[in-house]
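Structure below is target_12.cif: mmCIF, C-alpha atoms.
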data_query
#
loop_
_atom_site.label_atom_id
_atom_site.label_comp_id
_atom_site.auth_asym_id
_atom_site.auth_seq_id
_atom_site.Cartn_x
_atom_site.Cartn_y
_atom_site.Cartn_z
CA MET Y 1 -47.75 -27.13 -34.21
CA THR Y 2 -49.06 -25.35 -31.10
CA SER Y 3 -45.81 -23.42 -30.64
CA PHE Y 4 -45.83 -22.42 -34.32
CA ARG Y 5 -49.40 -21.13 -34.03
CA ALA Y 6 -48.53 -19.22 -30.87
CA ARG Y 7 -45.55 -17.61 -32.61
CA LEU Y 8 -47.73 -16.80 -35.62
CA TYR Y 9 -50.30 -15.01 -33.46
CA ALA Y 10 -47.56 -13.21 -31.49
CA CYS Y 11 -45.93 -11.91 -34.68
CA PHE Y 12 -49.26 -10.70 -36.09
CA ALA Y 13 -50.00 -8.98 -32.78
CA LEU Y 14 -46.65 -7.17 -32.93
CA VAL Y 15 -47.12 -6.04 -36.54
CA TYR Y 16 -50.68 -4.87 -35.92
CA LEU Y 17 -50.33 -3.26 -32.50
CA VAL Y 18 -46.76 -1.95 -32.47
CA TRP Y 19 -46.72 -0.60 -36.03
CA GLY Y 20 -50.27 0.67 -35.59
CA SER Y 21 -49.28 2.58 -32.44
CA SER Y 22 -46.04 3.97 -33.87
CA PHE Y 23 -47.77 7.03 -35.39
CA LEU Y 24 -49.08 8.01 -31.97
CA VAL Y 25 -45.66 7.48 -30.37
CA ILE Y 26 -43.92 9.59 -33.03
CA ARG Y 27 -46.50 12.34 -32.53
CA VAL Y 28 -45.74 12.34 -28.80
CA GLY Y 29 -41.98 12.22 -29.45
CA VAL Y 30 -41.82 15.16 -31.86
CA ALA Y 31 -43.88 17.24 -29.45
CA ASP Y 32 -40.88 17.00 -27.11
CA LEU Y 33 -37.91 16.68 -29.47
CA PRO Y 34 -36.86 18.20 -32.85
CA PRO Y 35 -38.20 15.95 -35.65
CA LEU Y 36 -35.11 15.29 -37.79
CA LEU Y 37 -32.90 14.44 -34.82
CA PHE Y 38 -35.73 12.36 -33.39
CA ALA Y 39 -35.95 10.38 -36.65
CA ALA Y 40 -32.16 10.05 -36.63
CA GLY Y 41 -32.15 8.69 -33.08
CA ARG Y 42 -34.85 6.18 -33.89
CA ALA Y 43 -32.95 4.91 -36.94
CA LEU Y 44 -29.63 4.70 -35.10
CA ILE Y 45 -31.13 2.77 -32.19
CA GLY Y 46 -33.01 0.40 -34.49
CA GLY Y 47 -29.97 -0.07 -36.72
CA SER Y 48 -27.73 -0.85 -33.75
CA VAL Y 49 -30.14 -3.49 -32.43
CA LEU Y 50 -30.52 -5.09 -35.86
CA LEU Y 51 -26.76 -5.02 -36.46
CA ALA Y 52 -26.22 -6.90 -33.21
CA LEU Y 53 -28.87 -9.41 -34.30
CA ALA Y 54 -27.31 -9.78 -37.76
CA LEU Y 55 -23.87 -10.41 -36.27
CA TYR Y 56 -25.35 -12.96 -33.86
CA ARG Y 57 -27.13 -14.75 -36.71
CA GLY Y 58 -24.08 -14.60 -38.97
CA ASP Y 59 -25.87 -12.62 -41.69
CA ARG Y 60 -23.66 -11.43 -44.53
CA LEU Y 61 -22.88 -7.70 -44.37
CA PRO Y 62 -21.72 -5.45 -47.27
CA SER Y 63 -18.07 -5.97 -48.11
CA THR Y 64 -17.43 -4.45 -51.57
CA ALA Y 65 -17.47 -0.84 -52.76
CA HIS Y 66 -20.46 -1.60 -55.00
CA GLU Y 67 -22.44 -3.05 -52.10
CA TRP Y 68 -21.67 -0.02 -49.92
CA LYS Y 69 -22.85 2.29 -52.72
CA LEU Y 70 -26.13 0.39 -52.82
CA MET Y 71 -26.40 0.66 -49.04
CA CYS Y 72 -25.93 4.42 -49.27
CA PHE Y 73 -28.59 4.68 -51.98
CA PHE Y 74 -31.17 2.65 -50.07
CA SER Y 75 -30.39 4.43 -46.80
CA ILE Y 76 -31.32 7.72 -48.44
CA VAL Y 77 -34.42 6.40 -50.23
CA LEU Y 78 -35.83 4.06 -47.58
CA ILE Y 79 -34.81 5.95 -44.45
CA ALA Y 80 -33.75 9.58 -44.91
CA LEU Y 81 -36.30 10.59 -47.57
CA SER Y 82 -39.17 8.54 -46.14
CA SER Y 83 -38.88 8.40 -42.35
CA GLY Y 84 -37.49 11.94 -42.13
CA PRO Y 85 -40.31 13.80 -43.94
CA SER Y 86 -43.03 11.66 -42.38
CA THR Y 87 -41.67 12.31 -38.88
CA PHE Y 88 -41.35 16.02 -39.66
CA ALA Y 89 -44.97 16.12 -40.87
CA LEU Y 90 -46.16 14.56 -37.61
CA LYS Y 91 -45.04 17.77 -35.93
CA HIS Y 92 -47.89 19.49 -37.79
CA LEU Y 93 -50.49 16.79 -38.56
CA PRO Y 94 -52.60 14.49 -36.35
CA SER Y 95 -51.23 10.96 -36.04
CA ASN Y 96 -54.45 9.40 -37.38
CA GLU Y 97 -54.25 11.50 -40.55
CA VAL Y 98 -50.62 10.56 -41.22
CA ALA Y 99 -51.46 6.89 -40.65
CA LEU Y 100 -54.29 7.04 -43.17
CA LEU Y 101 -52.09 8.78 -45.72
CA ASN Y 102 -49.47 6.08 -45.19
CA ALA Y 103 -52.07 3.47 -46.13
CA SER Y 104 -51.30 4.65 -49.67
CA LEU Y 105 -48.11 2.55 -49.38
CA ALA Y 106 -50.09 -0.51 -50.47
CA LEU Y 107 -51.45 1.41 -53.45
CA TRP Y 108 -48.07 2.80 -54.52
CA ILE Y 109 -46.40 -0.62 -54.16
CA ALA Y 110 -49.16 -2.34 -56.16
CA GLY Y 111 -48.92 0.23 -58.96
CA LEU Y 112 -45.12 0.40 -59.08
CA GLY Y 113 -44.96 -3.37 -58.68
CA THR Y 114 -46.03 -3.75 -62.31
CA LEU Y 115 -42.67 -2.30 -63.38
CA GLY Y 116 -39.28 -3.95 -63.79
CA PRO Y 117 -38.17 -7.50 -64.61
CA LYS Y 118 -40.17 -8.91 -61.69
CA GLY Y 119 -43.25 -6.82 -62.40
CA GLN Y 120 -46.64 -8.38 -61.82
CA SER Y 121 -49.71 -7.36 -63.81
CA LEU Y 122 -52.79 -6.15 -61.96
CA SER Y 123 -56.22 -7.70 -62.22
CA ARG Y 124 -59.31 -5.61 -62.87
CA ILE Y 125 -60.19 -5.82 -59.16
CA SER Y 126 -56.74 -4.54 -58.20
CA LEU Y 127 -57.01 -1.69 -60.71
CA LEU Y 128 -60.39 -0.80 -59.24
CA GLY Y 129 -58.80 -0.87 -55.78
CA LEU Y 130 -56.05 1.48 -56.96
CA MET Y 131 -58.54 3.95 -58.36
CA LEU Y 132 -60.67 3.82 -55.21
CA GLY Y 133 -57.62 4.24 -53.02
CA PHE Y 134 -56.41 7.34 -54.81
CA ILE Y 135 -59.92 8.83 -54.76
CA GLY Y 136 -59.91 8.26 -51.02
CA VAL Y 137 -56.52 9.95 -50.67
CA ALA Y 138 -57.87 12.94 -52.64
CA LEU Y 139 -60.80 13.17 -50.20
CA LEU Y 140 -58.37 13.09 -47.28
CA VAL Y 141 -56.22 15.95 -48.54
CA TRP Y 142 -58.76 18.04 -50.48
CA PRO Y 143 -59.62 21.20 -48.52
CA ALA Y 144 -63.28 21.34 -47.56
CA ASP Y 145 -63.49 25.02 -48.54
CA PHE Y 146 -61.33 24.53 -51.69
CA ARG Y 147 -58.59 26.76 -50.25
CA LEU Y 148 -55.03 25.49 -50.13
CA THR Y 149 -53.41 25.78 -46.69
CA PRO Y 150 -50.02 24.77 -45.20
CA HIS Y 151 -51.91 21.76 -43.83
CA VAL Y 152 -52.22 20.43 -47.39
CA GLY Y 153 -48.48 20.91 -47.89
CA TRP Y 154 -47.67 18.61 -44.98
CA GLN Y 155 -50.14 16.05 -46.29
CA MET Y 156 -48.44 16.09 -49.69
CA LEU Y 157 -45.07 15.63 -47.94
CA VAL Y 158 -46.36 12.45 -46.28
CA LEU Y 159 -47.64 11.13 -49.62
CA ALA Y 160 -44.33 11.97 -51.30
CA ALA Y 161 -42.42 10.12 -48.56
CA ALA Y 162 -44.69 7.09 -49.00
CA LEU Y 163 -44.12 7.17 -52.77
CA VAL Y 164 -40.33 7.37 -52.33
CA TRP Y 165 -40.34 4.46 -49.86
CA SER Y 166 -42.52 2.38 -52.19
CA ALA Y 167 -40.26 3.08 -55.17
CA GLY Y 168 -37.22 2.10 -53.12
CA THR Y 169 -38.94 -1.11 -52.04
CA ILE Y 170 -39.69 -2.06 -55.65
CA ILE Y 171 -36.11 -1.29 -56.70
CA TYR Y 172 -34.89 -3.51 -53.86
CA ARG Y 173 -37.28 -6.27 -54.95
CA ASN Y 174 -35.97 -6.16 -58.52
CA MET Y 175 -32.33 -6.48 -57.41
CA THR Y 176 -30.31 -9.43 -56.23
CA MET Y 177 -28.71 -8.47 -52.94
CA PRO Y 178 -26.08 -10.78 -51.39
CA VAL Y 179 -26.46 -9.00 -48.05
CA GLY Y 180 -28.74 -10.71 -45.53
CA PRO Y 181 -32.14 -9.00 -44.95
CA ILE Y 182 -31.54 -8.12 -41.29
CA GLY Y 183 -27.99 -6.95 -42.03
CA PHE Y 184 -29.31 -4.92 -44.96
CA ASN Y 185 -31.84 -3.10 -42.80
CA ALA Y 186 -29.30 -2.61 -40.02
CA ILE Y 187 -26.84 -0.87 -42.34
CA ILE Y 188 -29.39 1.34 -44.11
CA MET Y 189 -30.87 2.39 -40.76
CA LEU Y 190 -27.44 3.33 -39.43
CA LEU Y 191 -26.45 5.21 -42.60
CA GLY Y 192 -29.89 6.83 -42.91
CA GLY Y 193 -29.74 7.83 -39.27
CA LEU Y 194 -26.41 9.56 -39.88
CA VAL Y 195 -27.89 11.44 -42.85
CA LEU Y 196 -30.84 12.57 -40.74
CA PHE Y 197 -28.50 13.59 -37.92
CA VAL Y 198 -26.46 15.75 -40.30
CA ALA Y 199 -29.67 17.25 -41.73
CA GLY Y 200 -31.04 17.98 -38.27
CA THR Y 201 -27.77 19.54 -37.13
CA ALA Y 202 -27.49 21.66 -40.29
CA SER Y 203 -31.06 22.93 -39.83
CA GLY Y 204 -30.31 24.13 -36.31
CA GLU Y 205 -32.12 21.43 -34.33
CA LEU Y 206 -29.20 20.48 -32.07
CA PRO Y 207 -29.67 23.34 -29.54
CA ARG Y 208 -33.32 22.26 -29.13
CA TRP Y 209 -32.41 18.69 -28.19
CA HIS Y 210 -32.90 17.72 -24.55
CA TRP Y 211 -33.07 14.46 -22.65
CA GLY Y 212 -36.73 14.63 -21.69
CA LEU Y 213 -38.43 11.50 -20.37
CA SER Y 214 -41.29 11.35 -22.89
CA GLY Y 215 -38.97 11.87 -25.87
CA MET Y 216 -36.51 9.23 -24.67
CA LEU Y 217 -39.25 6.67 -24.02
CA ALA Y 218 -40.65 7.30 -27.49
CA LEU Y 219 -37.19 6.84 -29.03
CA ILE Y 220 -36.59 3.57 -27.20
CA PHE Y 221 -40.02 2.23 -28.13
CA LEU Y 222 -39.62 3.11 -31.81
CA GLY Y 223 -36.00 1.99 -32.08
CA VAL Y 224 -36.26 -1.30 -30.22
CA PHE Y 225 -39.87 -2.40 -30.71
CA THR Y 226 -41.01 -0.73 -33.94
CA SER Y 227 -37.79 -0.82 -36.00
CA ALA Y 228 -36.03 -3.93 -34.67
CA MET Y 229 -38.41 -6.36 -32.97
CA THR Y 230 -41.48 -5.81 -35.15
CA TYR Y 231 -39.41 -5.82 -38.32
CA SER Y 232 -38.04 -9.24 -37.33
CA ALA Y 233 -41.60 -10.44 -36.73
CA PHE Y 234 -42.65 -9.08 -40.13
CA THR Y 235 -39.82 -10.84 -41.97
CA TRP Y 236 -40.66 -14.11 -40.18
CA LEU Y 237 -44.30 -13.76 -41.24
CA MET Y 238 -43.28 -13.15 -44.84
CA LYS Y 239 -41.60 -16.56 -44.84
CA ASN Y 240 -44.08 -18.51 -42.73
CA ALA Y 241 -47.54 -17.01 -43.32
CA ARG Y 242 -49.70 -16.40 -46.37
CA THR Y 243 -48.68 -13.18 -48.11
CA ASP Y 244 -52.26 -11.94 -48.45
CA ARG Y 245 -52.75 -12.28 -44.70
CA VAL Y 246 -49.51 -10.46 -43.93
CA ALA Y 247 -50.61 -7.68 -46.29
CA THR Y 248 -53.58 -6.95 -44.05
CA PHE Y 249 -51.28 -4.72 -41.95
CA ALA Y 250 -51.76 -2.05 -44.65
CA TYR Y 251 -55.32 -1.42 -43.49
CA VAL Y 252 -55.25 -2.72 -39.91
CA ASN Y 253 -52.46 -0.33 -38.86
CA PRO Y 254 -54.28 2.87 -39.94
CA ALA Y 255 -57.43 1.68 -38.18
CA ILE Y 256 -55.49 1.11 -34.95
CA ALA Y 257 -53.69 4.44 -35.32
CA THR Y 258 -56.99 6.26 -35.84
CA LEU Y 259 -58.50 4.62 -32.76
CA LEU Y 260 -55.46 5.39 -30.58
CA GLY Y 261 -55.29 8.97 -31.82
CA TRP Y 262 -58.91 9.45 -30.80
CA MET Y 263 -58.54 7.73 -27.42
CA VAL Y 264 -55.18 9.19 -26.31
CA LEU Y 265 -54.81 12.54 -28.08
CA GLY Y 266 -58.46 13.38 -28.71
CA GLU Y 267 -57.89 13.53 -32.48
CA SER Y 268 -60.87 13.50 -34.81
CA LEU Y 269 -61.62 13.42 -38.51
CA THR Y 270 -64.01 15.58 -40.51
CA PRO Y 271 -66.93 13.83 -42.27
CA GLN Y 272 -65.05 14.25 -45.58
CA GLN Y 273 -61.93 12.65 -44.08
CA MET Y 274 -64.02 9.83 -42.61
CA LEU Y 275 -65.40 9.14 -46.09
CA GLY Y 276 -61.87 9.31 -47.50
CA MET Y 277 -60.67 6.86 -44.84
CA LEU Y 278 -63.36 4.32 -45.77
CA VAL Y 279 -62.63 4.69 -49.50
CA VAL Y 280 -58.84 4.36 -48.98
CA LEU Y 281 -59.18 1.27 -46.79
CA GLY Y 282 -61.68 -0.24 -49.21
CA GLY Y 283 -59.23 0.29 -52.07
CA VAL Y 284 -56.38 -1.26 -50.10
CA VAL Y 285 -58.54 -4.28 -49.29
CA LEU Y 286 -59.26 -4.82 -53.00
CA VAL Y 287 -55.56 -4.47 -53.88
CA THR Y 288 -54.27 -6.84 -51.19
CA MET Y 289 -57.04 -9.43 -51.02
CA PRO Y 290 -56.37 -12.70 -52.90
CA GLN Y 291 -58.22 -12.71 -56.20
CA ARG Y 292 -59.93 -16.05 -55.60
CA TYR Y 293 -62.30 -14.25 -53.24
CA PHE Y 294 -63.83 -12.28 -56.14
#
Re-express the file's structure as structure tokens.
Amino acid sequence: MTSFRARLYACFALVYLVWGSSFLVIRVGVADLPPLLFAAGRALIGGSVLLALALYRGDRLPSTAHEWKLMCFFSIVLIALSSGPSTFALKHLPSNEVALLNASLALWIAGLGTLGPKGQSLSRISLLGLMLGFIGVALLVWPADFRLTPHVGWQMLVLAAALVWSAGTIIYRNMTMPVGPIGFNAIIMLLGGLVLFVAGTASGELPRWHWGLSGMLALIFLGVFTSAMTYSAFTWLMKNARTDRVATFAYVNPAIATLLGWMVLGESLTPQQMLGMLVVLGGVVLVTMPQRYF
């Protein structure tokens, strides 16, 4: 029992701290390396580590043409169109802001989770949480002087990437996949990484690539710790811990990212964004908290 509790705490620490710090690490990485190729490198490293783990565990990998088509679809939706835009936006936005915008994942998933054969209806408290969350997001992205700027465009890109990832997650939930979960993520990371590499090369990023120390350290951290190790901890928690407790990462991670952005990069939020942050996190709490508490 003691070893189980120790593993439980260790996995929660990984999910909170490593995923919470990933926004800061990406921000540092894209300051040194071109964003699309950086996202590609992260996915390829993470996919390679997970593939080795899947082979070691004996997880089933895709073997039919239909399964490979599904892998290609999910690699585009869950990796290329989500990680790519979000990483690109971190070239132009503070890490704390991107982290807060990504808290909308819990809101998108809750809303889209009502759809499909496995859809779950929302309680009044959850609906209130959704409304609060989206009001908070509006406060985060709404220009204080009511003038649209390129800054707003990057914010909308982050929200769009979060929506795409959430939709892909719900589609995956509603499907029966014979491929093991670690093998599934390994393959979509590898395929998504290849798509991002092609996109980065086509956009002219390759001449700007260099083997700088800070960029390489960021890649290794994100590929090994964020994508592979912490994902494994998250999947273990999903099977061994209460779902509502695991869901707390949706509002703990942005809080950690905001704190680290302030401490390391000197990032700050305007009073309007601070209000938006509190409203978003309050909405996410209402959506993810078990209903017996209300």
Handout entry: Polymer residues at most 10 Å from segment 49-61 of chain Y, all atoms listed in the file, same-chain spacing of 3 or more positions, as a ChimeraX atom specification
Key = /Y:43-46,64,67-68,178-187,189-190,223-225,227-229,231-232
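Using all atoms listed in the file, the shortest contact distance between Thr258 of chain Y and any of Y:Ala99, Y:Ala80, Y:Gly47, Y:Leu33 is found at Y:Ala99.
What separates atom CA of Ala106 of chain Y from atom CA of Met156 of chain Y is a distance of 16.7 Å.
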Practice task
Rank nothing, just name the residue among Y:Phe74, Y:Thr114, Y:Pro85, Y:Ser126 nearest to Thr169 of chain Y, using only C-alpha atoms.
Solution key: Y:Phe74
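Atom CA of Asn102 of chain Y sits 10.5 Å away from atom CA of Ser166 of chain Y.
Atom CA of Leu159 of chain Y to atom CA of Ala241 of chain Y spans 28.8 Å [interatomic distance, one decimal].
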Show me, as JSON lines, the residues of segment 56-153 of chain Y having an atom within 9 Å of segment 262-265 of chain Y, each with the closest atom pair and its distance in Å, using only C-alpha atoms.
{"residue": "Y:Pro94", "atom": "CA", "partner": "Y:Leu265", "partner_atom": "CA", "distance": 8.8}
{"residue": "Y:Ser95", "atom": "CA", "partner": "Y:Leu265", "partner_atom": "CA", "distance": 8.9}
{"residue": "Y:Asn96", "atom": "CA", "partner": "Y:Trp262", "partner_atom": "CA", "distance": 7.9}
Handout entry: Pick from Y:Phe4, Y:Trp154, Y:Phe12, Y:Trp165, whichever lies nearest to Val77 of chain Y using all atoms listed in the file
Key = Y:Trp165
Handout entry: Target residues per the PyMOL selection byres ((chain Y and resi 28) around 10), formatted as number ranges by chain
Key = Y: 22-27, 29-33, 90-91, 95, 214-215, 217-218, 265
Problem - Expected residue set, 12 Å radius at (-42.0, 12.8, -48.9), only C-alpha atoms, as a PyMOL selection string - result: chain Y and resi 76-89+98+101-102+105+153-167
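Comparing the minimum interatomic distances between Leu278 of chain Y and each of Y:Gly136, Y:Gly212, Y:Pro207, Y:Gly200, counting only C-alpha atoms, we find that Y:Gly136 sits nearest.
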Box in all listed atoms of segment 23-26 of chain Y, axis-aligned, with 8 Å more on each side; write out centre and edge lengths in Å to one decimal as lines of an AutoDock Vina configuration file.
center_x = -46.5
center_y = 8.3
center_z = -32.9
size_x = 21.2
size_y = 18.6
size_z = 21.0
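Residue nearest Ala103 of chain Y within the list Y:Val252, Y:Ala65, Y:Asn174, Y:Glu267: Y:Val252 [criterion: smallest interatomic distance, only C-alpha atoms].
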Exercise for the section: Could you expand the PyMOL selection byres ((chain Y and resi 127) around 10) into the explicit residues it covers here, written as a ChimeraX atom specification? Expected result: /Y:107,110-111,121-126,128-133,283,286-287
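Summary of the local environment: counting only C-alpha atoms, residues at most 6 Å from Ile188 of chain Y, other than itself and those fewer than 3 positions away along its chain, are Y:Met71, Y:Ser75, Y:Asn185, Y:Leu191, Y:Gly192.
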Exercise for the section: Considering all atoms listed in the file, return as a PyMOL selection string whatever protein or nucleic-acid residues lie within 10 Å of Gln273 of chain Y, sequence-local ones (same chain, fewer than 2 positions apart) excluded. Expected result: chain Y and resi 97+100+136-144+268-271+275-279
Near-Ala199 of chain Y list (10 Å; all atoms listed in the file; drop same-chain fewer than 2 positions) as a PDB file with C-alpha atoms, keeping the file's coordinate frame:
ATOM      1  CA  LEU Y  36     -35.110  15.290 -37.790  1.00  0.00           C
ATOM      2  CA  LEU Y  37     -32.900  14.440 -34.820  1.00  0.00           C
ATOM      3  CA  ALA Y  40     -32.160  10.050 -36.630  1.00  0.00           C
ATOM      4  CA  ALA Y  80     -33.750   9.580 -44.910  1.00  0.00           C
ATOM      5  CA  GLY Y  84     -37.490  11.940 -42.130  1.00  0.00           C
ATOM      6  CA  GLY Y 193     -29.740   7.830 -39.270  1.00  0.00           C
ATOM      7  CA  LEU Y 194     -26.410   9.560 -39.880  1.00  0.00           C
ATOM      8  CA  VAL Y 195     -27.890  11.440 -42.850  1.00  0.00           C
ATOM      9  CA  LEU Y 196     -30.840  12.570 -40.740  1.00  0.00           C
ATOM     10  CA  PHE Y 197     -28.500  13.590 -37.920  1.00  0.00           C
ATOM     11  CA  THR Y 201     -27.770  19.540 -37.130  1.00  0.00           C
ATOM     12  CA  ALA Y 202     -27.490  21.660 -40.290  1.00  0.00           C
ATOM     13  CA  SER Y 203     -31.060  22.930 -39.830  1.00  0.00           C
ATOM     14  CA  GLY Y 204     -30.310  24.130 -36.310  1.00  0.00           C
ATOM     15  CA  GLU Y 205     -32.120  21.430 -34.330  1.00  0.00           C
TER      16      GLU Y 205
END
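Proximity of Y:Val15, Y:Ala6, Y:Met175, Y:Leu219 to Phe249 of chain Y, computed with all atoms listed in the file, is greatest for Y:Val15.
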